Amino acid sequence: MECDAEMCKPTIGQDHISAQQHCTEKSHHLSARTLIVTFSSCFLQGILERLDGGEIVIGDGGFVFALEKRGYVKAGPWTPEATVEHPEAVRQLHREFLRAGSSVLQAFTFYASEDKLENRGNYVAEKISCQKVNEAACDIAREVANEGDALVAGGVSQTPSYLSCKDKTEVKAAFRKQLDVFIKKNVDFLIAEYFEHVEEAVWAVEVLKESGKPVAATMCIGPEGDMHGVSPGQCAVQLVKAGASIVGVNCHFDPDTCLETVKLMKEGLQAAKLKAHLMSQPLAFHTPDCGKQGFIDLPEFPFGLEPRIVTRWDVQKYARKAYDLGIRYIGGCCGFEPYHIRAIAEELGPERGFLPQASEKHGSWGDSLSMHTKPWVRARARKEYWENLKPASGRPYCPSMSKPDGWGVTKGARELMQQKEATTEQQLKELFQKQKF
């Protein structure tokens, strides 16, 4: 029997059991877990149907940083062989993001192109294979997505081939190998993400459009534009003309900087009289001192970034600003943990009409602190306290800002030419000599 989707959409605070009972009465054969998680609809709509209908789509967080901290990803290559070597770790992180409110689970295919999996001595392409890594990623994401009403996205990202000045045909071939898997595994839509050069991003979108599935495209750029000086507005225009239905930014910069960049993209699209949905998935680190290339230029990258982590309250402010800017696909990238995603879902709960399952253990703006034994902590059980807090770092001899390295190299520079062989001691010595402390 068909279920009334509006009746299955509970309001904030509505008893979970009532929603479950309603769907049971309508003869839905769903698990209790699925019924709890599936607040927003009884039918799985596609990404464009959701966005076109005005739904707020919440992305997930940053897998490579989260899994590196947990011991399943190696910093440096940042490749996702954990999908094969430690599928349980990838599965658990997906599940935590779903519980926190993610309505899209990105298959862990970041940096999973064949040329990246064999770059600088990486063993993955030879010993596991590009195909197996991507297939496992899609299978795990789909398994967890089926526990709720989340969509699965397959993604491609920038390649060593492009940085090494390989031609368009060769770069597109790398994307197409991943796309073949995404088509085979029938992901719901596709994302071209983490591109520093709009030229390569356009090539990625053109390949992904061959699938006939919706395509989103995000660039890891700030307000200054891509590494060749193309403005954010022009980047957005080129991506939409290439076929992207959703455009925006991810990674490299903090939430405020990313929103500033998306605003410029929006203005560029309006000037060109083009339409697209907007998307933002920033870092969970404060990076006001970044250069053009973002946080990878900071001396703390990647092992000293913890003092810069945004709070859950920072993320709530980000979610509200993103919504007010007209962004409807709101998520996070490196540094974003499930509790950050929960903060997005909680801030936008009034607009969405429900809260995620993870909010059962989290009071709104700290109100659960009213149960604390200490009176001064109970006094913090209010929005005004956390909204106005200026957190201390506890590091009296550390500066609040850093000076980015900013070597100024980009596509075509000798230092960025990639190789299959491991980096040699001599190559490292040359780099050490350039490094300033």
# chains A, B, ... in the order shown; residues from 1 in each chain; ligands from 1

call {"tool": "residues_around", "arguments": {"residues": "A:Val409", "least_positions_apart": "3", "cutoff": "12 Å", "atoms": "only C-alpha atoms", "output": "CSV table (one decimal) with N, CA and C atoms, in the first residue's frame"}}
result
chain,number,residue,atom,x,y,z
A,163,LEU,N,48.5,17.1,-13.5
A,163,LEU,CA,49.7,17.9,-13.0
A,163,LEU,C,50.9,17.7,-13.8
A,227,MET,N,44.1,27.8,-9.9
A,227,MET,CA,45.5,28.0,-9.9
A,227,MET,C,46.0,28.7,-11.1
A,228,HIS,N,45.2,28.8,-12.1
A,228,HIS,CA,45.6,29.5,-13.4
A,228,HIS,C,44.9,30.9,-13.4
A,292,LYS,N,46.6,31.3,-1.6
A,292,LYS,CA,45.7,30.9,-2.7
A,292,LYS,C,45.4,29.4,-2.8
A,293,GLN,N,46.4,28.6,-2.4
A,293,GLN,CA,46.2,27.1,-2.5
A,293,GLN,C,45.6,26.5,-1.2
A,297,ASP,N,49.2,24.8,2.2
A,297,ASP,CA,50.3,25.7,2.3
A,297,ASP,C,50.7,26.0,3.7
A,405,ASP,N,53.5,28.5,3.4
A,405,ASP,CA,54.7,28.3,2.6
A,405,ASP,C,54.6,28.9,1.2
A,406,GLY,N,53.5,28.6,0.5
A,406,GLY,CA,53.3,29.2,-0.8
A,406,GLY,C,54.4,29.2,-1.8
A,412,GLY,N,52.7,21.9,-14.4
A,412,GLY,CA,53.8,22.2,-15.3
A,412,GLY,C,55.1,22.4,-14.6
A,413,ALA,N,55.1,22.8,-13.3
A,413,ALA,CA,56.3,23.1,-12.5
A,413,ALA,C,57.0,21.7,-12.3
A,414,ARG,N,58.4,21.8,-12.3
A,414,ARG,CA,59.2,20.6,-12.2
A,414,ARG,C,58.9,19.8,-10.9
A,415,GLU,N,58.6,20.6,-9.8
A,415,GLU,CA,58.4,19.9,-8.6
A,415,GLU,C,57.0,19.1,-8.5
A,416,LEU,N,56.1,19.5,-9.5
A,416,LEU,CA,54.8,18.9,-9.5
A,416,LEU,C,54.7,17.7,-10.5
A,417,MET,N,55.8,17.5,-11.3
A,417,MET,CA,55.8,16.4,-12.2
A,417,MET,C,55.8,15.1,-11.4

call {"tool": "residues_around", "arguments": {"residues": "A:Pro338", "least_positions_apart": "6", "cutoff": "7 Å", "atoms": "only C-alpha atoms", "output": "PyMOL selection string"}}
result
chain A and resi 61+96-97+100

call {"tool": "select_by_dssp", "arguments": {"residues": "stretch 25-139 of chain A", "states": "strand (DSSP E or B)", "output": "ChimeraX atom specification"}}
result
/A:57-58,104-106

call {"tool": "write_last_selection", "arguments": {"atoms": "N, CA, C and O atoms", "output": "mmCIF file, in the first residue's frame"}}
result
data_model
loop_
_atom_site.group_PDB
_atom_site.id
_atom_site.type_symbol
_atom_site.label_atom_id
_atom_site.label_comp_id
_atom_site.auth_asym_id
_atom_site.auth_seq_id
_atom_site.Cartn_x
_atom_site.Cartn_y
_atom_site.Cartn_z
ATOM 1 N N VAL A 57 19.791 19.166 1.223
ATOM 2 C CA VAL A 57 20.584 17.935 1.157
ATOM 3 C C VAL A 57 21.824 18.126 2.021
ATOM 4 O O VAL A 57 22.569 19.093 1.866
ATOM 5 N N ILE A 58 22.029 17.204 2.945
ATOM 6 C CA ILE A 58 23.185 17.281 3.834
ATOM 7 C C ILE A 58 24.216 16.251 3.399
ATOM 8 O O ILE A 58 23.921 15.054 3.299
ATOM 9 N N VAL A 104 23.465 12.182 1.799
ATOM 10 C CA VAL A 104 24.297 11.650 0.718
ATOM 11 C C VAL A 104 25.503 10.968 1.351
ATOM 12 O O VAL A 104 26.158 11.528 2.231
ATOM 13 N N LEU A 105 25.787 9.759 0.917
ATOM 14 C CA LEU A 105 27.010 9.071 1.312
ATOM 15 C C LEU A 105 27.901 8.988 0.072
ATOM 16 O O LEU A 105 27.556 8.330 -0.902
ATOM 17 N N GLN A 106 29.024 9.693 0.121
ATOM 18 C CA GLN A 106 29.966 9.616 -0.998
ATOM 19 C C GLN A 106 30.782 8.337 -0.881
ATOM 20 O O GLN A 106 31.418 8.099 0.157
#

call {"tool": "residues_around", "arguments": {"residues": "stretch 77-80 of chain A", "least_positions_apart": "4", "cutoff": "7 Å", "atoms": "only C-alpha atoms", "output": "PDB file with N, CA and C atoms, in the first residue's frame"}}
result
ATOM      1  N   VAL A  64      39.310  10.933   4.353  1.00  0.00           N
ATOM      2  CA  VAL A  64      40.751  10.656   4.435  1.00  0.00           C
ATOM      3  C   VAL A  64      41.334  11.134   5.759  1.00  0.00           C
ATOM      4  N   VAL A  73      44.216   5.113   6.866  1.00  0.00           N
ATOM      5  CA  VAL A  73      44.647   5.824   5.660  1.00  0.00           C
ATOM      6  C   VAL A  73      46.036   6.389   5.920  1.00  0.00           C
ATOM      7  N   PHE A 108      33.815   6.068  -0.956  1.00  0.00           N
ATOM      8  CA  PHE A 108      35.175   6.492  -0.623  1.00  0.00           C
ATOM      9  C   PHE A 108      36.091   6.227  -1.815  1.00  0.00           C
ATOM     10  N   THR A 109      35.930   7.083  -2.834  1.00  0.00           N
ATOM     11  CA  THR A 109      36.711   6.938  -4.074  1.00  0.00           C
ATOM     12  C   THR A 109      37.610   8.145  -4.312  1.00  0.00           C
ATOM     13  N   PHE A 110      37.808   8.953  -3.279  1.00  0.00           N
ATOM     14  CA  PHE A 110      38.703  10.096  -3.393  1.00  0.00           C
ATOM     15  C   PHE A 110      40.113   9.612  -3.725  1.00  0.00           C
ATOM     16  N   TYR A 111      40.736  10.245  -4.690  1.00  0.00           N
ATOM     17  CA  TYR A 111      42.096   9.867  -5.123  1.00  0.00           C
ATOM     18  C   TYR A 111      42.190   8.387  -5.508  1.00  0.00           C
ATOM     19  N   ALA A 112      41.137   7.861  -6.113  1.00  0.00           N
ATOM     20  CA  ALA A 112      41.125   6.442  -6.490  1.00  0.00           C
ATOM     21  C   ALA A 112      41.297   6.239  -7.986  1.00  0.00           C
ATOM     22  N   LEU A 117      46.849   5.823  -7.680  1.00  0.00           N
ATOM     23  CA  LEU A 117      47.094   4.608  -6.901  1.00  0.00           C
ATOM     24  C   LEU A 117      48.451   3.979  -7.192  1.00  0.00           C
TER      25      LEU A 117
END

call {"tool": "closest_residue", "arguments": {"among": "A:Gly53, A:Lys132, A:Glu346, A:Ala276", "to": "A:Thr83", "atoms": "only C-alpha atoms"}}
result
A:Lys132

call {"tool": "residues_around", "arguments": {"residues": "stretch 326-336 of chain A", "least_positions_apart": "2", "cutoff": "8 Å", "atoms": "only C-alpha atoms", "output": "PyMOL selection string"}}
result
chain A and resi 51+54-66+250-251+277-285+309+319+322-324+338-341+344

call {"tool": "closest_atom_pairs", "arguments": {"of": "stretch 253-336 of chain A", "to": "stretch 383-396 of chain A", "cutoff": "9 Å", "atoms": "only C-alpha atoms", "output": "Markdown table"}}
result
| residue | atom | partner | partner_atom | distance |
| --- | --- | --- | --- | --- |
| A:Pro307 | CA | A:Ser393 | CA | 6.5 |
| A:Arg308 | CA | A:Ser393 | CA | 8.7 |
| A:Thr311 | CA | A:Pro391 | CA | 9.0 |
| A:Trp313 | CA | A:Glu387 | CA | 6.6 |
| A:Asp314 | CA | A:Glu387 | CA | 8.3 |
| A:Lys317 | CA | A:Glu387 | CA | 8.6 |

call {"tool": "closest_residue", "arguments": {"among": "A:Glu114, A:Val215, A:Arg99, A:Ala136", "to": "A:Ala174", "atoms": "only C-alpha atoms"}}
result
A:Glu114
